[in-house]
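Listing of coords26.cif; format and content: mmCIF, C-alpha atoms.
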```cif
data_protein
#
loop_
_atom_site.label_atom_id
_atom_site.label_comp_id
_atom_site.auth_asym_id
_atom_site.auth_seq_id
_atom_site.Cartn_x
_atom_site.Cartn_y
_atom_site.Cartn_z
CA MET K 1 19.72 -16.51 -24.93
CA LEU K 2 17.77 -14.45 -22.42
CA THR K 3 14.15 -13.59 -23.10
CA ASP K 4 13.11 -9.93 -22.93
CA ALA K 5 11.59 -10.47 -19.48
CA GLU K 6 14.74 -12.17 -18.19
CA ALA K 7 16.92 -9.41 -19.64
CA ARG K 8 14.81 -6.71 -17.97
CA ARG K 9 14.95 -8.58 -14.67
CA LYS K 10 18.72 -8.96 -14.86
CA ARG K 11 19.14 -5.30 -15.76
CA LYS K 12 16.92 -4.19 -12.90
CA MET K 13 18.80 -6.33 -10.39
CA ALA K 14 22.03 -4.72 -11.54
CA GLU K 15 20.52 -1.25 -11.18
CA ILE K 16 19.32 -1.97 -7.65
CA SER K 17 22.70 -3.39 -6.71
CA GLN K 18 24.41 -0.27 -8.05
CA VAL K 19 22.12 2.03 -6.04
CA LEU K 20 22.71 0.04 -2.85
CA SER K 21 26.48 0.23 -3.33
CA THR K 22 26.57 4.04 -3.42
CA THR K 23 27.00 6.30 -0.39
CA PRO K 24 24.66 7.84 0.51
CA VAL K 25 22.07 5.50 -0.91
CA ASP K 26 19.61 7.17 -3.28
CA VAL K 27 16.33 6.29 -1.54
CA ALA K 28 14.29 7.93 -4.31
CA ALA K 29 15.86 5.53 -6.81
CA LEU K 30 14.97 2.59 -4.57
CA ARG K 31 11.39 3.85 -4.40
CA ARG K 32 11.25 3.95 -8.19
CA MET K 33 12.56 0.38 -8.34
CA ALA K 34 9.97 -0.80 -5.80
CA ILE K 35 7.12 0.87 -7.70
CA SER K 36 8.15 -0.06 -11.24
CA GLU K 37 7.24 -3.34 -12.94
CA GLY K 38 8.21 -6.40 -10.96
CA GLY K 39 8.96 -4.49 -7.77
CA LEU K 40 12.03 -5.61 -5.83
CA LEU K 41 12.17 -9.01 -7.54
CA ASN K 42 13.21 -11.25 -4.62
CA ASP K 43 13.41 -11.44 -0.83
CA GLU K 44 17.18 -11.00 -0.74
CA ILE K 45 16.78 -7.55 -2.27
CA ARG K 46 13.80 -6.80 -0.03
CA ARG K 47 15.93 -7.47 3.05
CA GLN K 48 18.24 -4.69 1.90
CA VAL K 49 15.67 -2.24 0.54
CA TRP K 50 12.64 -2.41 2.83
CA PRO K 51 14.55 -0.98 5.84
CA ARG K 52 15.67 1.98 3.71
CA LEU K 53 12.14 2.62 2.48
CA LEU K 54 11.05 2.84 6.13
CA ASN K 55 14.13 4.85 7.14
CA VAL K 56 15.27 2.14 9.58
CA SER K 57 18.99 1.94 10.27
CA VAL K 58 19.93 -1.74 10.24
CA GLU K 59 23.15 -0.97 12.10
CA ASN K 60 21.18 0.26 15.12
CA ILE K 61 19.09 -2.89 15.48
CA PRO K 62 20.33 -4.92 18.48
CA GLU K 63 21.72 -8.37 17.71
CA GLN K 64 19.85 -9.90 20.64
CA LEU K 65 16.16 -9.17 20.86
CA GLY K 66 14.61 -8.69 24.29
CA GLU K 67 12.38 -11.34 25.81
CA ARG K 68 8.68 -10.80 25.41
CA ASN K 69 6.79 -9.55 28.42
CA CYS K 70 4.95 -12.62 29.72
CA SER K 71 2.62 -10.50 31.80
CA GLN K 72 0.73 -9.75 28.60
CA SER K 73 -2.32 -11.87 27.84
CA VAL K 74 -1.12 -14.08 25.00
CA SER K 75 -3.59 -16.95 24.72
CA LYS K 76 -5.82 -15.26 22.14
CA LEU K 77 -2.83 -13.97 20.22
CA LEU K 78 -1.25 -17.43 20.11
CA SER K 79 -4.49 -18.84 18.76
CA VAL K 80 -4.71 -16.19 16.04
CA CYS K 81 -1.05 -16.61 15.02
CA SER K 82 -1.38 -20.39 14.95
CA ARG K 83 -4.44 -20.19 12.71
CA CYS K 84 -2.67 -17.70 10.44
CA LEU K 85 0.26 -20.05 9.86
CA THR K 86 -1.94 -23.12 9.61
CA ASP K 87 -3.80 -21.43 6.76
CA ALA K 88 -0.44 -20.96 5.05
CA GLY K 89 -0.04 -24.74 4.78
CA MET K 90 3.32 -24.97 6.55
CA PRO K 91 4.82 -28.14 8.09
CA ASP K 92 4.16 -28.48 11.83
CA GLU K 93 7.78 -27.98 12.91
CA GLN K 94 8.28 -24.85 10.83
CA ARG K 95 4.88 -23.48 11.79
CA GLU K 96 5.50 -23.86 15.53
CA GLY K 97 8.80 -21.99 15.32
CA LEU K 98 7.32 -19.21 13.23
CA GLN K 99 4.28 -19.01 15.47
CA GLU K 100 6.52 -18.30 18.46
CA GLU K 101 8.54 -15.71 16.52
CA LEU K 102 5.36 -14.06 15.22
CA THR K 103 3.91 -13.81 18.73
CA ASP K 104 7.21 -12.47 20.10
CA ILE K 105 7.39 -9.71 17.47
CA ILE K 106 3.85 -8.56 18.15
CA LEU K 107 4.28 -8.56 21.90
CA ARG K 108 7.61 -6.70 21.76
CA VAL K 109 6.04 -3.95 19.67
CA LEU K 110 2.93 -3.65 21.85
CA VAL K 111 4.82 -3.70 25.15
CA LYS K 112 7.30 -1.08 23.95
CA ASN K 113 4.49 1.09 22.57
CA PRO K 114 1.56 0.87 25.00
CA GLN K 115 -0.39 3.45 22.99
CA LEU K 116 -0.80 0.81 20.26
CA HIS K 117 -3.64 -1.71 20.34
CA TYR K 118 -3.68 -5.06 18.58
CA TYR K 119 -6.37 -5.42 15.91
CA GLN K 120 -7.65 -8.47 14.06
CA GLY K 121 -5.55 -8.68 10.90
CA TYR K 122 -2.37 -7.11 12.30
CA HIS K 123 -0.73 -10.54 12.38
CA ASP K 124 -1.25 -10.88 8.60
CA ILE K 125 1.07 -7.93 8.05
CA VAL K 126 3.58 -9.02 10.71
CA VAL K 127 3.86 -12.55 9.33
CA THR K 128 4.71 -11.18 5.89
CA PHE K 129 7.62 -9.20 7.31
CA LEU K 130 8.70 -12.22 9.35
CA LEU K 131 8.74 -14.55 6.35
CA VAL K 132 10.67 -12.08 4.21
CA LEU K 133 13.07 -10.56 6.74
CA GLY K 134 13.47 -12.91 9.68
CA GLU K 135 12.66 -12.11 13.31
CA ARG K 136 15.35 -9.53 14.12
CA LEU K 137 14.84 -7.27 11.11
CA ALA K 138 11.08 -7.79 11.05
CA THR K 139 10.77 -6.60 14.66
CA ALA K 140 12.38 -3.24 13.88
CA LEU K 141 10.42 -2.67 10.68
CA VAL K 142 7.09 -3.74 12.15
CA GLU K 143 7.58 -1.28 15.01
CA LYS K 144 8.26 1.58 12.60
CA LEU K 145 5.31 0.55 10.43
CA SER K 146 3.02 0.28 13.47
CA THR K 147 3.85 3.77 14.71
CA HIS K 148 3.44 5.31 11.26
CA HIS K 149 1.64 3.62 8.34
CA LEU K 150 -0.58 1.44 10.55
CA ARG K 151 -0.93 3.89 13.42
CA ASP K 152 -4.57 4.79 12.78
CA PHE K 153 -5.58 1.12 12.74
CA MET K 154 -4.06 0.62 16.20
CA ASP K 155 -6.22 3.10 18.08
CA PRO K 156 -8.60 1.86 20.79
CA THR K 157 -11.53 2.48 18.42
CA MET K 158 -12.03 2.09 14.67
CA ASP K 159 -12.92 5.74 14.10
CA ASN K 160 -9.78 6.61 12.13
CA THR K 161 -9.97 3.35 10.19
CA LYS K 162 -13.50 4.29 9.11
CA HIS K 163 -12.23 7.72 8.06
CA ILE K 164 -9.62 6.11 5.82
CA LEU K 165 -12.24 3.80 4.29
CA ASN K 166 -14.27 6.91 3.50
CA TYR K 167 -11.66 7.87 0.87
CA LEU K 168 -12.66 4.87 -1.25
CA MET K 169 -15.96 6.02 -2.74
CA PRO K 170 -14.84 9.56 -3.72
CA ILE K 171 -11.96 8.07 -5.73
CA ILE K 172 -14.37 5.72 -7.50
CA GLU K 173 -16.80 8.60 -8.09
CA ARG K 174 -14.19 10.72 -9.83
CA VAL K 175 -13.08 7.95 -12.17
CA ASN K 176 -16.36 6.19 -12.91
CA PRO K 177 -19.53 7.97 -11.75
CA GLU K 178 -21.68 5.14 -13.13
CA VAL K 179 -20.05 2.53 -10.89
CA TYR K 180 -20.19 4.95 -7.96
CA ASP K 181 -23.93 5.60 -8.45
CA PHE K 182 -24.68 1.90 -8.77
CA MET K 183 -22.81 1.08 -5.56
CA GLN K 184 -24.56 3.93 -3.78
CA GLN K 185 -27.94 2.62 -4.90
CA ALA K 186 -27.02 -0.83 -3.62
CA GLU K 187 -25.97 0.76 -0.29
CA VAL K 188 -22.99 -1.60 -0.17
CA GLY K 189 -20.82 0.84 1.78
CA THR K 190 -17.08 0.20 2.16
CA ILE K 191 -16.87 -2.56 4.76
CA PHE K 192 -16.04 -5.10 2.02
CA ALA K 193 -12.62 -3.43 1.73
CA LEU K 194 -11.85 -3.38 5.46
CA SER K 195 -9.70 -6.52 5.48
CA TRP K 196 -7.92 -5.33 2.33
CA LEU K 197 -6.92 -2.10 4.01
CA ILE K 198 -5.91 -3.24 7.49
CA THR K 199 -3.89 -6.26 6.28
CA TRP K 200 -2.45 -4.62 3.16
CA PHE K 201 -4.27 -7.38 1.25
CA GLY K 202 -2.21 -10.03 3.05
CA HIS K 203 -5.32 -11.75 4.38
CA VAL K 204 -7.20 -11.96 1.10
CA LEU K 205 -4.54 -12.92 -1.47
CA SER K 206 -3.60 -16.58 -1.72
CA ASP K 207 -0.37 -16.11 -3.69
CA PHE K 208 2.42 -14.82 -1.47
CA ARG K 209 4.24 -13.41 -4.51
CA HIS K 210 1.39 -10.98 -5.06
CA VAL K 211 1.40 -9.99 -1.39
CA VAL K 212 5.09 -9.05 -1.29
CA ARG K 213 4.78 -7.28 -4.65
CA LEU K 214 2.09 -5.06 -3.15
CA TYR K 215 4.20 -4.51 -0.03
CA ASP K 216 7.04 -3.27 -2.26
CA PHE K 217 4.61 -0.76 -3.72
CA PHE K 218 2.99 0.32 -0.45
CA LEU K 219 6.30 0.75 1.39
CA ALA K 220 7.58 2.97 -1.41
CA CYS K 221 4.49 5.17 -1.41
CA HIS K 222 2.22 7.31 0.73
CA PRO K 223 0.61 5.47 3.68
CA LEU K 224 -2.83 5.88 2.08
CA MET K 225 -1.86 4.07 -1.13
CA PRO K 226 -3.66 0.83 -0.09
CA ILE K 227 -7.01 2.64 -0.31
CA TYR K 228 -6.16 3.81 -3.84
CA PHE K 229 -5.29 0.24 -4.76
CA ALA K 230 -8.61 -0.90 -3.31
CA ALA K 231 -10.33 1.64 -5.56
CA VAL K 232 -8.61 0.40 -8.71
CA ILE K 233 -9.64 -3.18 -7.94
CA VAL K 234 -13.27 -2.08 -7.83
CA LEU K 235 -12.86 0.01 -10.98
CA HIS K 236 -11.17 -2.88 -12.78
CA ARG K 237 -14.26 -5.00 -12.06
CA GLU K 238 -16.63 -2.45 -13.57
CA GLU K 239 -18.53 -4.93 -15.73
CA GLU K 240 -19.02 -7.38 -12.86
CA VAL K 241 -20.24 -4.61 -10.58
CA LEU K 242 -22.74 -3.24 -13.09
CA ASP K 243 -23.97 -6.74 -13.97
CA CYS K 244 -24.53 -7.58 -10.31
CA GLU K 245 -27.98 -7.36 -8.79
CA CYS K 246 -28.39 -3.94 -7.18
CA ASP K 247 -28.63 -5.41 -3.71
CA MET K 248 -26.38 -4.80 -0.71
CA ALA K 249 -25.82 -8.46 0.16
CA MET K 250 -25.15 -9.51 -3.44
CA MET K 251 -22.82 -6.59 -4.06
CA HIS K 252 -20.91 -7.18 -0.83
CA HIS K 253 -20.53 -10.86 -1.69
CA LEU K 254 -19.12 -9.98 -5.12
CA LEU K 255 -16.71 -7.28 -4.02
CA SER K 256 -15.36 -9.00 -0.91
CA ARG K 257 -13.90 -11.82 -3.02
CA ILE K 258 -10.85 -10.75 -4.99
CA PRO K 259 -10.32 -12.60 -8.30
CA GLU K 260 -7.21 -14.75 -8.61
CA ASP K 261 -6.22 -13.37 -12.01
CA LEU K 262 -5.90 -9.64 -11.35
CA PRO K 263 -3.36 -7.78 -13.56
CA TYR K 264 -1.34 -6.53 -10.60
CA GLU K 265 1.24 -4.51 -12.49
CA THR K 266 -1.46 -2.66 -14.41
CA LEU K 267 -3.41 -1.98 -11.23
CA ILE K 268 -0.31 -0.77 -9.40
CA SER K 269 0.43 1.67 -12.20
CA ARG K 270 -3.16 2.89 -12.22
CA ALA K 271 -3.24 3.37 -8.44
CA GLY K 272 -0.15 5.56 -8.70
CA ASP K 273 -1.79 7.59 -11.45
CA LEU K 274 -4.93 8.14 -9.38
CA PHE K 275 -2.92 9.17 -6.33
CA VAL K 276 -1.19 11.88 -8.35
CA GLN K 277 -4.46 12.97 -9.94
CA PHE K 278 -6.53 12.92 -6.74
CA PRO K 279 -4.15 13.31 -3.79
CA PRO K 280 -5.57 12.82 -0.29
CA SER K 281 -4.69 16.40 0.56
CA GLU K 282 -7.08 17.56 -2.17
CA LEU K 283 -9.88 15.37 -0.85
CA ALA K 284 -9.40 16.79 2.64
CA ARG K 285 -9.02 20.40 1.47
CA GLU K 286 -12.40 20.33 -0.20
CA ARG K 287 -13.82 20.27 3.30
CA ASN K 288 -11.31 22.87 4.56
CA GLN K 289 -10.08 20.32 7.09
CA LEU K 290 -6.49 21.49 7.45
CA THR K 291 -5.95 21.36 11.19
CA ALA K 292 -5.45 17.60 11.62
CA VAL K 293 -2.19 16.69 13.35
CA SER K 294 -0.11 14.18 11.42
CA THR K 295 1.36 11.15 13.12
CA PHE K 296 3.86 10.98 10.26
CA LYS K 297 5.66 14.25 10.97
CA ASP K 298 8.77 12.66 12.47
CA PHE K 299 8.88 10.15 9.63
CA GLU K 300 9.35 12.63 6.79
CA LEU K 301 12.56 12.01 4.91
CA ALA K 302 15.35 14.55 4.96
CA SER K 303 15.11 15.43 1.28
CA THR K 304 11.98 16.47 -0.58
CA GLN K 305 13.32 14.43 -3.48
CA GLN K 306 12.93 11.26 -1.39
CA ARG K 307 9.28 11.78 -0.54
CA PRO K 308 7.11 8.98 -1.97
CA ASP K 309 4.78 11.41 -3.74
CA THR K 310 7.79 13.01 -5.47
CA VAL K 311 8.71 9.65 -6.98
CA LEU K 312 5.18 9.17 -8.35
CA ARG K 313 5.12 12.67 -9.84
CA GLN K 314 8.51 12.11 -11.47
CA ARG K 315 7.28 8.81 -12.91
CA ARG K 316 4.28 10.57 -14.44
CA LYS K 317 6.49 13.32 -15.86
CA GLU K 318 8.83 10.77 -17.47
CA GLN K 319 5.88 8.98 -19.08
CA GLN K 320 4.60 12.25 -20.52
CA GLN K 321 8.05 13.19 -21.83
CA GLN K 322 8.38 9.79 -23.51
CA ARG K 323 5.05 10.21 -25.30
CA ALA K 324 6.03 13.73 -26.41
CA LEU K 325 9.34 12.41 -27.77
CA GLU K 326 7.55 9.70 -29.72
CA ALA K 327 5.20 12.29 -31.20
CA GLN K 328 8.13 14.50 -32.29
CA ARG K 329 9.79 11.56 -34.00
CA GLY K 330 6.62 10.92 -35.94
CA THR K 331 6.15 7.49 -34.44
CA VAL K 332 2.73 6.13 -33.67
CA ALA K 333 2.53 5.84 -29.92
CA VAL K 334 0.30 3.12 -28.54
CA VAL K 335 -1.87 4.69 -25.88
CA GLN K 336 -1.98 2.29 -22.95
CA PRO K 337 -5.14 1.95 -20.87
CA THR K 338 -3.55 3.89 -18.00
CA ALA K 339 -2.72 6.73 -20.37
CA ARG K 340 -6.27 6.88 -21.66
CA ARG K 341 -7.57 6.92 -18.11
CA PHE K 342 -5.21 9.73 -17.19
CA MET K 343 -6.44 11.83 -20.13
CA ARG K 344 -10.04 11.24 -19.13
CA LEU K 345 -9.29 12.10 -15.51
CA ALA K 346 -7.53 15.29 -16.54
CA VAL K 347 -10.62 16.40 -18.43
CA MET K 348 -12.84 15.65 -15.47
CA GLY K 349 -10.71 17.90 -13.28
CA LEU K 350 -10.76 18.15 -9.52
CA THR K 351 -14.03 19.97 -8.91
CA VAL K 352 -16.36 17.02 -8.36
CA ALA K 353 -18.30 17.16 -5.09
CA LEU K 354 -16.65 15.27 -2.25
CA GLY K 355 -19.61 12.99 -1.62
CA ALA K 356 -18.85 10.19 0.83
CA ALA K 357 -15.52 11.70 1.86
CA ALA K 358 -17.22 14.48 3.84
CA LEU K 359 -16.11 12.82 7.07
CA ALA K 360 -12.81 11.47 5.75
CA VAL K 361 -10.27 13.57 7.62
CA VAL K 362 -7.43 11.22 8.43
CA ASN K 363 -5.12 12.34 11.21
CA SER K 364 -2.15 10.66 9.58
CA ALA K 365 -2.56 11.91 6.05
CA LEU K 366 -2.11 15.64 5.64
CA GLU K 367 1.55 16.15 6.48
CA TRP K 368 2.55 13.42 4.04
CA ALA K 369 0.15 14.43 1.34
CA PRO K 370 1.80 16.24 -1.58
CA LYS K 371 1.34 20.01 -1.75
CA LEU K 372 -0.58 21.18 -4.78
CA ASP K 373 2.18 23.51 -5.92
CA LEU K 374 4.51 20.51 -6.07
CA LEU K 375 1.98 18.33 -7.84
CA PHE K 376 1.21 20.88 -10.54
CA PRO K 377 4.23 23.21 -10.90
#
```

Whole structure given in structure tokens:
Amino acid sequence: MLTDAEARRKRKMAEISQVLSTTPVDVAALRRMAISEGGLLNDEIRRQVWPRLLNVSVENIPEQLGERNCSQSVSKLLSVCSRCLTDAGMPDEQREGLQEELTDIILRVLVKNPQLHYYQGYHDIVVTFLLVLGERLATALVEKLSTHHLRDFMDPTMDNTKHILNYLMPIIERVNPEVYDFMQQAEVGTIFALSWLITWFGHVLSDFRHVVRLYDFFLACHPLMPIYFAAVIVLHREEEVLDCECDMAMMHHLLSRIPEDLPYETLISRAGDLFVQFPPSELARERNQLTAVSTFKDFELASTQQRPDTVLRQRRKEQQQQRALEAQRGTVAVVQPTARRFMRLAVMGLTVALGAAALAVVNSALEWAPKLDLLFP
């Protein structure tokens, strides 16, 4: 007899299979599956769903990939890729083959898109796609990701990356002013979260299952979702932060090391809640910075119903409807921690001063950010 968890998993696999078998495929439904508990469950499903989440047509990917351009300087890249796969504990034979494929993918993307610049940590994202998808499919998806979600990280300078990091503290401030004040007093800044952001946590998590679970979530959501997830990690560690010595070095040491036992599903749900409550468009609008040009404009999906923020809003609406139904039936609804947080956030409202986000105008955020009239109809 199946356990409850096994039954839910089997049911979800059937639901995903049904969505994939329809024409046209309901991308919004796939986003819901990727966000909801357990994500996309296995790599076989990810190979079918990830391209759709990135709006990549598998049929248009060439069977034979072009040779890498050997005129590129590859010695440093080979060293980085080799170290990346060595850290993964792979056998020599497998590692050497993957190292070559990893290097080829990166070089193909950079040669085809000369406006992009390699950054330390890029290979951590690419290797995840390679391990899940294989070289052919990974090449196409990494190129789309590099020209959209990761575009700001691939500038010649780190200016836009710093702007994105500047969203972190305002989110923390709105949820837990005490933690925010303590971190400000310690002058810890946000550099502890840099590797989290630019590798989508691929560099700092030891369990590959957690990495791909987060990639399910990030691919289904707004490109700034990793910074919201970074915020919920800090908020989850409230007691540790407040018990830490109020010193920059001590605080940085604490925060830069992610615990092994994080409740990922709870944190994913909370990050989605905070995104809906404090959208990046609202953070930017508080400074009247509305003229930034989005690099995501050509990546918007054809239907508003397929936008990642729409899926998150619908999820919130369904949760609220379920609680209302339970109240009408006279049942005693158990208020989950995320629900209590949402109620507290609603009371706080959206009028808190912007604080550290004064400079956080991200070129790639505003076009994708949900409009307020859609968020709060």

Decode the PyMOL selection byres ((chain K and resi 154) around 9) for the given file into explicit residues and return them as a list in words.
Gln115, Leu116, His117, Tyr118, Tyr119, Tyr122, Ser146, Thr147, Leu150, Arg151, Asp152, Phe153, Asp155, Pro156, Thr157, Met158 and Thr161 of chain K

Give as a ChimeraX atom specification every residue, naming chains and numbers as the document does, that has an atom within 8 Å of (13.7, -4.5, -5.9), counting all atoms listed in the file.
/K:12-13,16,30,33-34,38-42,45-46,49,216

Adding 5 Å on each side of the box along x, y and z that holds all listed atoms of segment 239-252 of chain K, could you give its centre and edge lengths in Å to one decimal, as JSON?
```
{"center_x": -23.6, "center_y": -6.4, "center_z": -7.8, "size_x": 20.1, "size_y": 16.3, "size_z": 25.9}
```

At most 12 Å from (4.7, -8.3, 8.3), file frame, all atoms listed in the file: which residues, as a compact mmCIF listing (two decimals) with C-alpha atoms, in the coordinates of the input?
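Done, and the output landed in result21.txt:
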```txt
# COMPACT_ATOMS: atom_id res chain seq x y z
CA TRP K 50 12.64 -2.41 2.83
CA GLU K 101 8.54 -15.71 16.52
CA LEU K 102 5.36 -14.06 15.22
CA THR K 103 3.91 -13.81 18.73
CA ILE K 105 7.39 -9.71 17.47
CA ILE K 106 3.85 -8.56 18.15
CA GLY K 121 -5.55 -8.68 10.90
CA TYR K 122 -2.37 -7.11 12.30
CA HIS K 123 -0.73 -10.54 12.38
CA ASP K 124 -1.25 -10.88 8.60
CA ILE K 125 1.07 -7.93 8.05
CA VAL K 126 3.58 -9.02 10.71
CA VAL K 127 3.86 -12.55 9.33
CA THR K 128 4.71 -11.18 5.89
CA PHE K 129 7.62 -9.20 7.31
CA LEU K 130 8.70 -12.22 9.35
CA LEU K 131 8.74 -14.55 6.35
CA VAL K 132 10.67 -12.08 4.21
CA LEU K 133 13.07 -10.56 6.74
CA GLY K 134 13.47 -12.91 9.68
CA GLU K 135 12.66 -12.11 13.31
CA LEU K 137 14.84 -7.27 11.11
CA ALA K 138 11.08 -7.79 11.05
CA THR K 139 10.77 -6.60 14.66
CA ALA K 140 12.38 -3.24 13.88
CA LEU K 141 10.42 -2.67 10.68
CA VAL K 142 7.09 -3.74 12.15
CA GLU K 143 7.58 -1.28 15.01
CA LYS K 144 8.26 1.58 12.60
CA LEU K 145 5.31 0.55 10.43
CA SER K 146 3.02 0.28 13.47
CA LEU K 150 -0.58 1.44 10.55
CA ILE K 198 -5.91 -3.24 7.49
CA THR K 199 -3.89 -6.26 6.28
CA TRP K 200 -2.45 -4.62 3.16
CA PHE K 201 -4.27 -7.38 1.25
CA GLY K 202 -2.21 -10.03 3.05
CA HIS K 203 -5.32 -11.75 4.38
CA PHE K 208 2.42 -14.82 -1.47
CA VAL K 211 1.40 -9.99 -1.39
CA VAL K 212 5.09 -9.05 -1.29
CA TYR K 215 4.20 -4.51 -0.03
CA ASP K 216 7.04 -3.27 -2.26
CA LEU K 219 6.30 0.75 1.39
```

If you measure from atom CA of Leu110 of chain K to atom CA of His148 of chain K, what distance in Å do you get, rounded to one decimal?
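Taking atom CA of Leu110 of chain K as the start and atom CA of His148 of chain K as the end point, the length is 13.9 Å.
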
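Minimum distance to Arg209 of chain K across K:Tyr264, K:Gln94, K:His149, K:Ala249 (counting all atoms listed in the file) occurs at K:Tyr264.
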
Who sits within 10 Å of Asn176 of chain K, all atoms listed in the file, same chain under 4 positions skipped, as a list of chain:residue names
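Within the cut-off, the hits are K:Pro170, K:Ile171, K:Ile172, K:Tyr180, K:Asp181, K:Leu235, K:Glu238, K:Leu345.
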
Between atom CA of Ile258 of chain K and atom CA of Val179 of chain K, distance in Å (one decimal):
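Atom CA of Val179 of chain K lies 17.2 Å from atom CA of Ile258 of chain K.
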
Separation of atom CA of Pro114 of chain K from atom CA of Leu194 of chain K, in Å and rounded to one decimal:
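Calculated distance between atom CA of Pro114 of chain K and atom CA of Leu194 of chain K is 24.1 Å.
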
Written as a ChimeraX atom specification, which residues does the PyMOL selection byres ((chain K and resi 257) around 12) give for the file shown?
/K:192-193,195-196,201,203-206,233-234,237,240,250-256,258-262

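With only C-alpha atoms as the atoms that count, the minimum distance from Arg136 of chain K to the choices K:Val111, K:Leu197, K:Val58, K:Leu20 is reached by K:Val58.
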